[in-house]
Amino acid sequence: IKKQAPIPVAMYGGRNAVTMLPGGGIGPELMEYVREVFKYAGAPVDFEVIDIDPMEESSGAFEYAITSIKRNGVAIKGNIETKSETAGSTSRNVALRNELDLFINILHCKSFPNVPARQKDIDVVIIRQNTEGEYAMLEHESVDGVVESMKVVTETNSDRVARYAFEFAKNTGRKKITTIHKANIMKLSDGLFLETSKKIAKLYPEVEHNDMIIDNCCMQLVSKPHQFDVMIMTNLYGSIVSNVVCGLIGGAGILSGRNYGDHYAVFEPGTRNTGTAIAGKNVANPLAMLNASVDMLNHLGHKRHADLIQRAIYKTVSEDQILTPDLGGSAKSTDVVQRVIDHILQADMRPW
Ligand code: ADP
Ligand code: MG
């Protein structure tokens, strides 16, 4: 693997500057919870908040967000709404990942003890190609009633996703990587992704490698999910599989996802939902965004602050069982956040 250049992060007077993109739906309220928790945890982070209006055609705010992330190196984000009624509108979420070349999405799907879920003790890592595949956004109507959509797979990106996954497995003691594909039908595109991963696998004899067709994978995930360890796949399969596994563990409200390129890192809820229907009702589960904020603190090297918040979350959820309705509880979003803050204030491991 090419030596990963250290990802630069902005720091002023011992505090990190981080770009915050609240996005639409429940994004702004979840970000408010993050700021509240960071205040009590004493996390040394200053947020540069940028609101992006989904209705604005050419968005200066979007351009500014890119500039800000390039300057700070790190961002935390909610989902930016895509208004499909705006002609020619492309997803700003996809555009942002492409613009920053965030070619990896990594989702660590680990069950929370004592949270009601369809499957227990899941511990699967999904590594997803994050910038091409079916999300190339190259669609056109060639003649009336005929639409063509291009799925782009490159050797370069397949190669760096596979190398990232095998390095990850080696460094974290993971035993097996499964490449998920549909190379029996999409022989060239998925074929290239699969063949590239097989080639890289040869360089890592200590990590077992196999592959599985996406349709069988979905069935196996629902019936026998414990067979999986690390999975790699192209963009759209990654989105679908991430949602399946999150569903097994407890839904969209819990897990966080990380986006990495060679230069920048962006943290967000794992299944990237807007949550428009539940916005402003004090019912959204704050955990997915709080977990994203813990990932961000770990990335910045603030391990003690990250551990402090992570332990407070664990106690709130797995011990006290303060759960929002999506997890079968009746707690408000703010009840969960308040209990997390209570645990932070009671902890004798506070970093200051
Ligand atoms: P999308 O943005 O992909 O359209 P939605 O916003 O409709 O997805 O979310 C999918 C489902 O997940 C909805 O039922 C939504 O209520 C639920 N959901 C998403 N985020 C959360 C959350 N933080 N807490 C509770 N439920 C959530
Ligand atoms: Mg929605």
# chains A, B, ... in the order shown; residues from 1 in each chain; ligands from 1
$ closest_atom_pairs --of "region 27-99 of chain A" --to "region 260-278 of chain A" --cutoff "8 Å" --atoms "only C-alpha atoms" --output "Markdown table"
| residue | atom | partner | partner_atom | distance |
| --- | --- | --- | --- | --- |
| A:Gly27 | CA | A:Thr274 | CA | 7.0 |
| A:Ile69 | CA | A:Tyr264 | CA | 7.5 |
| A:Lys70 | CA | A:Tyr264 | CA | 7.1 |
| A:Gly73 | CA | A:Tyr264 | CA | 4.9 |
| A:Val74 | CA | A:Ala265 | CA | 5.0 |
| A:Ala75 | CA | A:Val266 | CA | 4.7 |
| A:Ile76 | CA | A:Phe267 | CA | 4.7 |
| A:Lys77 | CA | A:Glu268 | CA | 5.2 |
| A:Gly78 | CA | A:Glu268 | CA | 6.1 |
| A:Asn79 | CA | A:Thr274 | CA | 5.2 |
| A:Ile80 | CA | A:Thr274 | CA | 7.3 |
| A:Glu81 | CA | A:Thr274 | CA | 6.8 |
$ residues_around --residues "region 220-222 of chain A" --least-positions-apart "4" --cutoff "10 Å" --atoms "only C-alpha atoms" --output "list in words"
Arg118, Gln119, Met212, Ile214, Asp215, Asn216, His226, Gln227, Phe228, Val241, Val244, Val245, Gly247 and Leu248 of chain A
$ write_last_selection --atoms "C-alpha atoms" --output "tab-separated table (two decimals), in the first residue's frame"
chain	number	residue	atom	x	y	z
A	118	ARG	CA	-33.46	-9.13	15.65
A	119	GLN	CA	-29.96	-10.56	15.99
A	212	MET	CA	-20.41	-13.97	-2.28
A	214	ILE	CA	-25.11	-9.92	-3.38
A	215	ASP	CA	-28.48	-11.71	-3.43
A	216	ASN	CA	-27.19	-14.69	-1.45
A	226	HIS	CA	-22.38	-14.25	12.32
A	227	GLN	CA	-20.47	-15.84	9.46
A	228	PHE	CA	-19.37	-12.38	8.27
A	241	VAL	CA	-26.20	-4.05	2.98
A	244	VAL	CA	-29.88	-4.52	6.31
A	245	VAL	CA	-27.26	-4.91	9.02
A	247	GLY	CA	-31.88	-3.13	10.76
A	248	LEU	CA	-30.70	-6.35	12.40
$ residues_around --residues "region 319-322 of chain A" --least-positions-apart "3" --cutoff "12 Å" --atoms "only C-alpha atoms" --output "CSV table (one decimal) with C-alpha atoms, in the first residue's frame"
chain,number,residue,atom,x,y,z
A,112,PHE,CA,-25.3,-2.9,21.8
A,113,PRO,CA,-25.9,-5.3,24.7
A,114,ASN,CA,-29.4,-5.2,26.0
A,115,VAL,CA,-30.9,-3.3,23.1
A,116,PRO,CA,-33.8,-5.2,21.6
A,285,ASN,CA,-32.6,8.7,18.4
A,286,PRO,CA,-29.5,10.9,19.2
A,287,LEU,CA,-27.1,7.9,19.3
A,311,ARG,CA,-18.9,5.0,28.1
A,312,ALA,CA,-21.7,7.5,29.0
A,313,ILE,CA,-23.6,6.3,25.9
A,314,TYR,CA,-23.0,2.7,26.9
A,315,LYS,CA,-24.3,3.2,30.4
A,316,THR,CA,-27.4,5.2,29.2
A,325,PRO,CA,-39.2,4.6,20.4
A,326,ASP,CA,-37.2,3.3,17.5
A,327,LEU,CA,-35.6,0.9,20.0
A,328,GLY,CA,-38.8,0.0,21.7
A,329,GLY,CA,-38.5,2.5,24.5
A,330,SER,CA,-40.5,5.6,25.4
A,331,ALA,CA,-37.7,8.1,26.2
A,332,LYS,CA,-37.5,11.4,24.4
A,333,SER,CA,-34.4,12.3,22.5
A,334,THR,CA,-33.6,14.9,25.2
A,335,ASP,CA,-34.0,12.2,28.0
A,336,VAL,CA,-31.3,10.2,26.3
A,337,VAL,CA,-29.0,13.2,26.0
A,338,GLN,CA,-29.6,14.3,29.6
A,339,ARG,CA,-28.7,10.8,30.9
A,340,VAL,CA,-25.5,10.8,28.8
A,342,ASP,CA,-25.4,12.9,33.8
A,343,HIS,CA,-23.0,10.0,33.3
$ atom_distance --atom1 "CA of Leu203 (chain A)" --atom2 "CA of Phe166 (chain A)"
8.9 Å
$ closest_residue --among "A:Ala252, A:Ala183, A:Val146, A:Ile200" --to "ligand 1" --atoms "only C-alpha atoms and all ligand atoms"
A:Ala252
$ closest_residue --among "A:Leu194, A:Ile122, A:Val18, A:Ala279" --to "ligand 2" --atoms "only C-alpha atoms and all ligand atoms"
A:Ala279
$ select_by_dssp --residues "region 148-340 of chain A" --states "alpha helix (DSSP H)" --output "ChimeraX atom specification"
/A:155-172,189-201,214-223,235-249,287-300,303-314,333-340
$ select_by_dssp --residues "region 132-218 of chain A" --states "strand (DSSP E or B)" --output "ChimeraX atom specification"
/A:133-143,146-152,176-181,208-213
$ residues_around --residues "Ile180 (chain A)" --least-positions-apart "5" --cutoff "10 Å" --atoms "only C-alpha atoms" --output "list in words"
Arg128, Asp190, Phe193, Leu194, Asn210, Asp211, Met212, Ile213, Ile214, Asp215, Asn216, Cys217, Cys218, Met231, Ile232, Met233, Thr234, Tyr237, Gly238 and Val241 of chain A
$ write_last_selection --atoms "N, CA and C atoms" --output "PDB file, in the first residue's frame"
ATOM      1  N   ARG A 128     -17.127   0.046   2.062  1.00  0.00           N
ATOM      2  CA  ARG A 128     -17.879   0.313   0.835  1.00  0.00           C
ATOM      3  C   ARG A 128     -17.128   1.294  -0.050  1.00  0.00           C
ATOM      4  N   ASP A 190     -18.485  -5.535 -12.040  1.00  0.00           N
ATOM      5  CA  ASP A 190     -18.294  -6.256 -10.779  1.00  0.00           C
ATOM      6  C   ASP A 190     -17.148  -7.251 -10.912  1.00  0.00           C
ATOM      7  N   PHE A 193     -14.035  -5.456 -10.001  1.00  0.00           N
ATOM      8  CA  PHE A 193     -13.972  -5.238  -8.541  1.00  0.00           C
ATOM      9  C   PHE A 193     -13.559  -6.533  -7.830  1.00  0.00           C
ATOM     10  N   LEU A 194     -14.177  -7.639  -8.258  1.00  0.00           N
ATOM     11  CA  LEU A 194     -13.890  -8.930  -7.633  1.00  0.00           C
ATOM     12  C   LEU A 194     -12.454  -9.383  -7.911  1.00  0.00           C
ATOM     13  N   ASN A 210     -12.907 -14.645   0.817  1.00  0.00           N
ATOM     14  CA  ASN A 210     -13.858 -15.353  -0.035  1.00  0.00           C
ATOM     15  C   ASN A 210     -14.766 -14.326  -0.703  1.00  0.00           C
ATOM     16  N   ASP A 211     -15.724 -14.784  -1.501  1.00  0.00           N
ATOM     17  CA  ASP A 211     -16.636 -13.832  -2.127  1.00  0.00           C
ATOM     18  C   ASP A 211     -18.030 -14.413  -2.153  1.00  0.00           C
ATOM     19  N   MET A 212     -19.014 -13.533  -2.319  1.00  0.00           N
ATOM     20  CA  MET A 212     -20.406 -13.970  -2.276  1.00  0.00           C
ATOM     21  C   MET A 212     -21.247 -13.057  -3.164  1.00  0.00           C
ATOM     22  N   ILE A 213     -22.196 -13.652  -3.835  1.00  0.00           N
ATOM     23  CA  ILE A 213     -23.090 -12.872  -4.699  1.00  0.00           C
ATOM     24  C   ILE A 213     -24.052 -12.073  -3.807  1.00  0.00           C
ATOM     25  N   ILE A 214     -24.337 -10.846  -4.211  1.00  0.00           N
ATOM     26  CA  ILE A 214     -25.113  -9.921  -3.378  1.00  0.00           C
ATOM     27  C   ILE A 214     -26.469 -10.492  -2.955  1.00  0.00           C
ATOM     28  N   ASP A 215     -27.147 -11.215  -3.824  1.00  0.00           N
ATOM     29  CA  ASP A 215     -28.478 -11.712  -3.427  1.00  0.00           C
ATOM     30  C   ASP A 215     -28.367 -12.780  -2.337  1.00  0.00           C
ATOM     31  N   ASN A 216     -27.426 -13.698  -2.512  1.00  0.00           N
ATOM     32  CA  ASN A 216     -27.189 -14.691  -1.453  1.00  0.00           C
ATOM     33  C   ASN A 216     -26.741 -13.997  -0.166  1.00  0.00           C
ATOM     34  N   CYS A 217     -25.902 -12.965  -0.314  1.00  0.00           N
ATOM     35  CA  CYS A 217     -25.416 -12.214   0.849  1.00  0.00           C
ATOM     36  C   CYS A 217     -26.575 -11.662   1.681  1.00  0.00           C
ATOM     37  N   CYS A 218     -27.588 -11.112   1.011  1.00  0.00           N
ATOM     38  CA  CYS A 218     -28.734 -10.543   1.737  1.00  0.00           C
ATOM     39  C   CYS A 218     -29.463 -11.633   2.524  1.00  0.00           C
ATOM     40  N   MET A 231     -16.582  -7.048   5.194  1.00  0.00           N
ATOM     41  CA  MET A 231     -17.152  -7.201   3.855  1.00  0.00           C
ATOM     42  C   MET A 231     -16.742  -6.001   3.009  1.00  0.00           C
ATOM     43  N   ILE A 232     -16.398  -6.229   1.744  1.00  0.00           N
ATOM     44  CA  ILE A 232     -16.141  -5.096   0.854  1.00  0.00           C
ATOM     45  C   ILE A 232     -17.055  -5.182  -0.356  1.00  0.00           C
ATOM     46  N   MET A 233     -17.458  -4.025  -0.850  1.00  0.00           N
ATOM     47  CA  MET A 233     -18.413  -4.018  -1.957  1.00  0.00           C
ATOM     48  C   MET A 233     -18.465  -2.655  -2.635  1.00  0.00           C
ATOM     49  N   THR A 234     -19.122  -2.645  -3.801  1.00  0.00           N
ATOM     50  CA  THR A 234     -19.297  -1.378  -4.515  1.00  0.00           C
ATOM     51  C   THR A 234     -20.398  -0.559  -3.828  1.00  0.00           C
ATOM     52  N   TYR A 237     -24.477  -1.607  -3.421  1.00  0.00           N
ATOM     53  CA  TYR A 237     -24.597  -2.781  -2.547  1.00  0.00           C
ATOM     54  C   TYR A 237     -24.260  -2.372  -1.114  1.00  0.00           C
ATOM     55  N   GLY A 238     -23.284  -1.481  -0.994  1.00  0.00           N
ATOM     56  CA  GLY A 238     -22.870  -1.024   0.331  1.00  0.00           C
ATOM     57  C   GLY A 238     -24.000  -0.320   1.050  1.00  0.00           C
ATOM     58  N   VAL A 241     -26.675  -3.134   1.933  1.00  0.00           N
ATOM     59  CA  VAL A 241     -26.198  -4.053   2.978  1.00  0.00           C
ATOM     60  C   VAL A 241     -26.068  -3.328   4.322  1.00  0.00           C
TER      61      VAL A 241
END
$ closest_residue --among "A:Met289, A:Ile341, A:Val152, A:Met11" --to "Ser189 (chain A)" --atoms "only C-alpha atoms"
A:Val152
$ residues_around --residues "region 93-100 of chain A" --least-positions-apart "2" --cutoff "6 Å" --atoms "only C-alpha atoms" --output "NGL selection string"
:A and (91 or 102 or 131)
$ write_last_selection --atoms "C-alpha atoms" --output "JSON list (two decimals), in the first residue's frame"
[["chain", "number", "residue", "atom", "x", "y", "z"],
["A", 91, "SER", "CA", -27.31, 14.75, -4.52],
["A", 102, "LEU", "CA", -13.77, 10.14, 0.21],
["A", 131, "THR", "CA", -17.38, 7.51, -4.87]]
$ closest_residue --among "A:Asn157, A:Asn171, A:Asn130, A:Thr82" --to "ligand 1" --atoms "only C-alpha atoms and all ligand atoms"
A:Thr82
$ residues_around --residues "Ala306 (chain A)" --least-positions-apart "6" --cutoff "8 Å" --atoms "only C-alpha atoms" --output "list in words"
Val294, Asp295, Leu297 and Asn298 of chain A
$ write_last_selection --atoms "C-alpha atoms" --output "compact mmCIF listing (two decimals), in the first residue's frame"
# COMPACT_ATOMS: atom_id res chain seq x y z
CA VAL A 294 -17.09 9.82 19.19
CA ASP A 295 -15.54 8.53 15.94
CA LEU A 297 -12.88 12.61 18.53
CA ASN A 298 -10.95 9.37 18.09
$ residues_around --residues "Gly280 (chain A)" --least-positions-apart "6" --cutoff "10 Å" --atoms "only C-alpha atoms" --output "JSON list (two decimals) with C-alpha atoms, in the first residue's frame"
[["chain", "number", "residue", "atom", "x", "y", "z"],
["A", 25, "GLY", "CA", -34.69, 16.76, 8.79],
["A", 26, "ILE", "CA", -33.40, 15.64, 12.19],
["A", 28, "PRO", "CA", -29.99, 20.16, 13.19],
["A", 29, "GLU", "CA", -31.47, 18.76, 16.43]]
$ closest_residue --among "A:Gly251, A:Gly257, A:Gly14, A:Gly301" --to "Ile126 (chain A)" --atoms "only C-alpha atoms"
A:Gly257
$ decode --residues "region 227-262 of chain A" --atoms "N, CA and C atoms" --output "PDB file, in the first residue's frame"
ATOM      1  N   GLN A 227     -21.547 -15.315  10.298  1.00  0.00           N
ATOM      2  CA  GLN A 227     -20.472 -15.838   9.458  1.00  0.00           C
ATOM      3  C   GLN A 227     -19.612 -14.718   8.874  1.00  0.00           C
ATOM      4  N   PHE A 228     -20.107 -13.471   8.917  1.00  0.00           N
ATOM      5  CA  PHE A 228     -19.373 -12.384   8.270  1.00  0.00           C
ATOM      6  C   PHE A 228     -18.433 -11.682   9.252  1.00  0.00           C
ATOM      7  N   ASP A 229     -17.317 -11.208   8.717  1.00  0.00           N
ATOM      8  CA  ASP A 229     -16.327 -10.495   9.519  1.00  0.00           C
ATOM      9  C   ASP A 229     -16.136  -9.100   8.896  1.00  0.00           C
ATOM     10  N   VAL A 230     -15.342  -9.005   7.842  1.00  0.00           N
ATOM     11  CA  VAL A 230     -15.229  -7.752   7.094  1.00  0.00           C
ATOM     12  C   VAL A 230     -15.794  -8.005   5.704  1.00  0.00           C
ATOM     13  N   MET A 231     -16.582  -7.048   5.194  1.00  0.00           N
ATOM     14  CA  MET A 231     -17.152  -7.201   3.855  1.00  0.00           C
ATOM     15  C   MET A 231     -16.742  -6.001   3.009  1.00  0.00           C
ATOM     16  N   ILE A 232     -16.398  -6.229   1.744  1.00  0.00           N
ATOM     17  CA  ILE A 232     -16.141  -5.096   0.854  1.00  0.00           C
ATOM     18  C   ILE A 232     -17.055  -5.182  -0.356  1.00  0.00           C
ATOM     19  N   MET A 233     -17.458  -4.025  -0.850  1.00  0.00           N
ATOM     20  CA  MET A 233     -18.413  -4.018  -1.957  1.00  0.00           C
ATOM     21  C   MET A 233     -18.465  -2.655  -2.635  1.00  0.00           C
ATOM     22  N   THR A 234     -19.122  -2.645  -3.801  1.00  0.00           N
ATOM     23  CA  THR A 234     -19.297  -1.378  -4.515  1.00  0.00           C
ATOM     24  C   THR A 234     -20.398  -0.559  -3.828  1.00  0.00           C
ATOM     25  N   ASN A 235     -20.590   0.641  -4.343  1.00  0.00           N
ATOM     26  CA  ASN A 235     -21.346   1.692  -3.674  1.00  0.00           C
ATOM     27  C   ASN A 235     -22.797   1.341  -3.319  1.00  0.00           C
ATOM     28  N   LEU A 236     -23.588   0.935  -4.314  1.00  0.00           N
ATOM     29  CA  LEU A 236     -25.014   0.687  -4.054  1.00  0.00           C
ATOM     30  C   LEU A 236     -25.233  -0.544  -3.169  1.00  0.00           C
ATOM     31  N   TYR A 237     -24.477  -1.607  -3.421  1.00  0.00           N
ATOM     32  CA  TYR A 237     -24.597  -2.781  -2.547  1.00  0.00           C
ATOM     33  C   TYR A 237     -24.260  -2.372  -1.114  1.00  0.00           C
ATOM     34  N   GLY A 238     -23.284  -1.481  -0.994  1.00  0.00           N
ATOM     35  CA  GLY A 238     -22.870  -1.024   0.331  1.00  0.00           C
ATOM     36  C   GLY A 238     -24.000  -0.320   1.050  1.00  0.00           C
ATOM     37  N   SER A 239     -24.731   0.509   0.319  1.00  0.00           N
ATOM     38  CA  SER A 239     -25.853   1.222   0.919  1.00  0.00           C
ATOM     39  C   SER A 239     -26.927   0.248   1.390  1.00  0.00           C
ATOM     40  N   ILE A 240     -27.228  -0.728   0.548  1.00  0.00           N
ATOM     41  CA  ILE A 240     -28.291  -1.681   0.876  1.00  0.00           C
ATOM     42  C   ILE A 240     -27.874  -2.590   2.036  1.00  0.00           C
ATOM     43  N   VAL A 241     -26.675  -3.134   1.933  1.00  0.00           N
ATOM     44  CA  VAL A 241     -26.198  -4.053   2.978  1.00  0.00           C
ATOM     45  C   VAL A 241     -26.068  -3.328   4.322  1.00  0.00           C
ATOM     46  N   SER A 242     -25.605  -2.076   4.289  1.00  0.00           N
ATOM     47  CA  SER A 242     -25.502  -1.299   5.532  1.00  0.00           C
ATOM     48  C   SER A 242     -26.863  -1.185   6.204  1.00  0.00           C
ATOM     49  N   ASN A 243     -27.883  -0.923   5.399  1.00  0.00           N
ATOM     50  CA  ASN A 243     -29.227  -0.782   5.960  1.00  0.00           C
ATOM     51  C   ASN A 243     -29.753  -2.106   6.499  1.00  0.00           C
ATOM     52  N   VAL A 244     -29.451  -3.202   5.812  1.00  0.00           N
ATOM     53  CA  VAL A 244     -29.883  -4.516   6.311  1.00  0.00           C
ATOM     54  C   VAL A 244     -29.252  -4.779   7.676  1.00  0.00           C
ATOM     55  N   VAL A 245     -27.939  -4.575   7.764  1.00  0.00           N
ATOM     56  CA  VAL A 245     -27.259  -4.910   9.017  1.00  0.00           C
ATOM     57  C   VAL A 245     -27.689  -3.963  10.135  1.00  0.00           C
ATOM     58  N   CYS A 246     -27.849  -2.678   9.826  1.00  0.00           N
ATOM     59  CA  CYS A 246     -28.342  -1.757  10.856  1.00  0.00           C
ATOM     60  C   CYS A 246     -29.727  -2.187  11.326  1.00  0.00           C
ATOM     61  N   GLY A 247     -30.556  -2.646  10.398  1.00  0.00           N
ATOM     62  CA  GLY A 247     -31.884  -3.133  10.756  1.00  0.00           C
ATOM     63  C   GLY A 247     -31.819  -4.320  11.706  1.00  0.00           C
ATOM     64  N   LEU A 248     -30.843  -5.185  11.512  1.00  0.00           N
ATOM     65  CA  LEU A 248     -30.701  -6.351  12.396  1.00  0.00           C
ATOM     66  C   LEU A 248     -30.308  -5.934  13.805  1.00  0.00           C
ATOM     67  N   ILE A 249     -29.576  -4.834  13.898  1.00  0.00           N
ATOM     68  CA  ILE A 249     -29.020  -4.420  15.186  1.00  0.00           C
ATOM     69  C   ILE A 249     -29.967  -3.506  15.953  1.00  0.00           C
ATOM     70  N   GLY A 250     -30.862  -2.807  15.253  1.00  0.00           N
ATOM     71  CA  GLY A 250     -31.779  -1.921  15.963  1.00  0.00           C
ATOM     72  C   GLY A 250     -32.211  -0.708  15.168  1.00  0.00           C
ATOM     73  N   GLY A 251     -31.797  -0.618  13.902  1.00  0.00           N
ATOM     74  CA  GLY A 251     -32.340   0.431  13.050  1.00  0.00           C
ATOM     75  C   GLY A 251     -31.385   1.550  12.713  1.00  0.00           C
ATOM     76  N   ALA A 252     -31.969   2.632  12.182  1.00  0.00           N
ATOM     77  CA  ALA A 252     -31.182   3.738  11.637  1.00  0.00           C
ATOM     78  C   ALA A 252     -30.628   4.653  12.714  1.00  0.00           C
ATOM     79  N   GLY A 253     -31.125   4.495  13.942  1.00  0.00           N
ATOM     80  CA  GLY A 253     -30.815   5.497  14.958  1.00  0.00           C
ATOM     81  C   GLY A 253     -29.570   5.261  15.780  1.00  0.00           C
ATOM     82  N   ILE A 254     -28.882   4.160  15.574  1.00  0.00           N
ATOM     83  CA  ILE A 254     -27.806   3.808  16.498  1.00  0.00           C
ATOM     84  C   ILE A 254     -26.396   4.014  15.949  1.00  0.00           C
ATOM     85  N   LEU A 255     -26.133   3.446  14.775  1.00  0.00           N
ATOM     86  CA  LEU A 255     -24.736   3.335  14.341  1.00  0.00           C
ATOM     87  C   LEU A 255     -24.255   4.554  13.572  1.00  0.00           C
ATOM     88  N   SER A 256     -22.939   4.749  13.630  1.00  0.00           N
ATOM     89  CA  SER A 256     -22.307   5.826  12.886  1.00  0.00           C
ATOM     90  C   SER A 256     -21.502   5.239  11.739  1.00  0.00           C
ATOM     91  N   GLY A 257     -21.226   6.081  10.750  1.00  0.00           N
ATOM     92  CA  GLY A 257     -20.396   5.663   9.619  1.00  0.00           C
ATOM     93  C   GLY A 257     -19.276   6.663   9.398  1.00  0.00           C
ATOM     94  N   ARG A 258     -18.159   6.187   8.874  1.00  0.00           N
ATOM     95  CA  ARG A 258     -17.006   7.058   8.663  1.00  0.00           C
ATOM     96  C   ARG A 258     -16.648   7.093   7.189  1.00  0.00           C
ATOM     97  N   ASN A 259     -16.321   8.275   6.670  1.00  0.00           N
ATOM     98  CA  ASN A 259     -15.905   8.421   5.284  1.00  0.00           C
ATOM     99  C   ASN A 259     -14.481   8.929   5.249  1.00  0.00           C
ATOM    100  N   TYR A 260     -13.622   8.205   4.527  1.00  0.00           N
ATOM    101  CA  TYR A 260     -12.220   8.591   4.467  1.00  0.00           C
ATOM    102  C   TYR A 260     -11.721   8.683   3.030  1.00  0.00           C
ATOM    103  N   GLY A 261     -10.834   9.640   2.816  1.00  0.00           N
ATOM    104  CA  GLY A 261     -10.019   9.650   1.605  1.00  0.00           C
ATOM    105  C   GLY A 261      -8.579   9.739   2.061  1.00  0.00           C
ATOM    106  N   ASP A 262      -7.693  10.088   1.138  1.00  0.00           N
ATOM    107  CA  ASP A 262      -6.291  10.233   1.549  1.00  0.00           C
ATOM    108  C   ASP A 262      -6.086  11.510   2.363  1.00  0.00           C
TER     109      ASP A 262
END
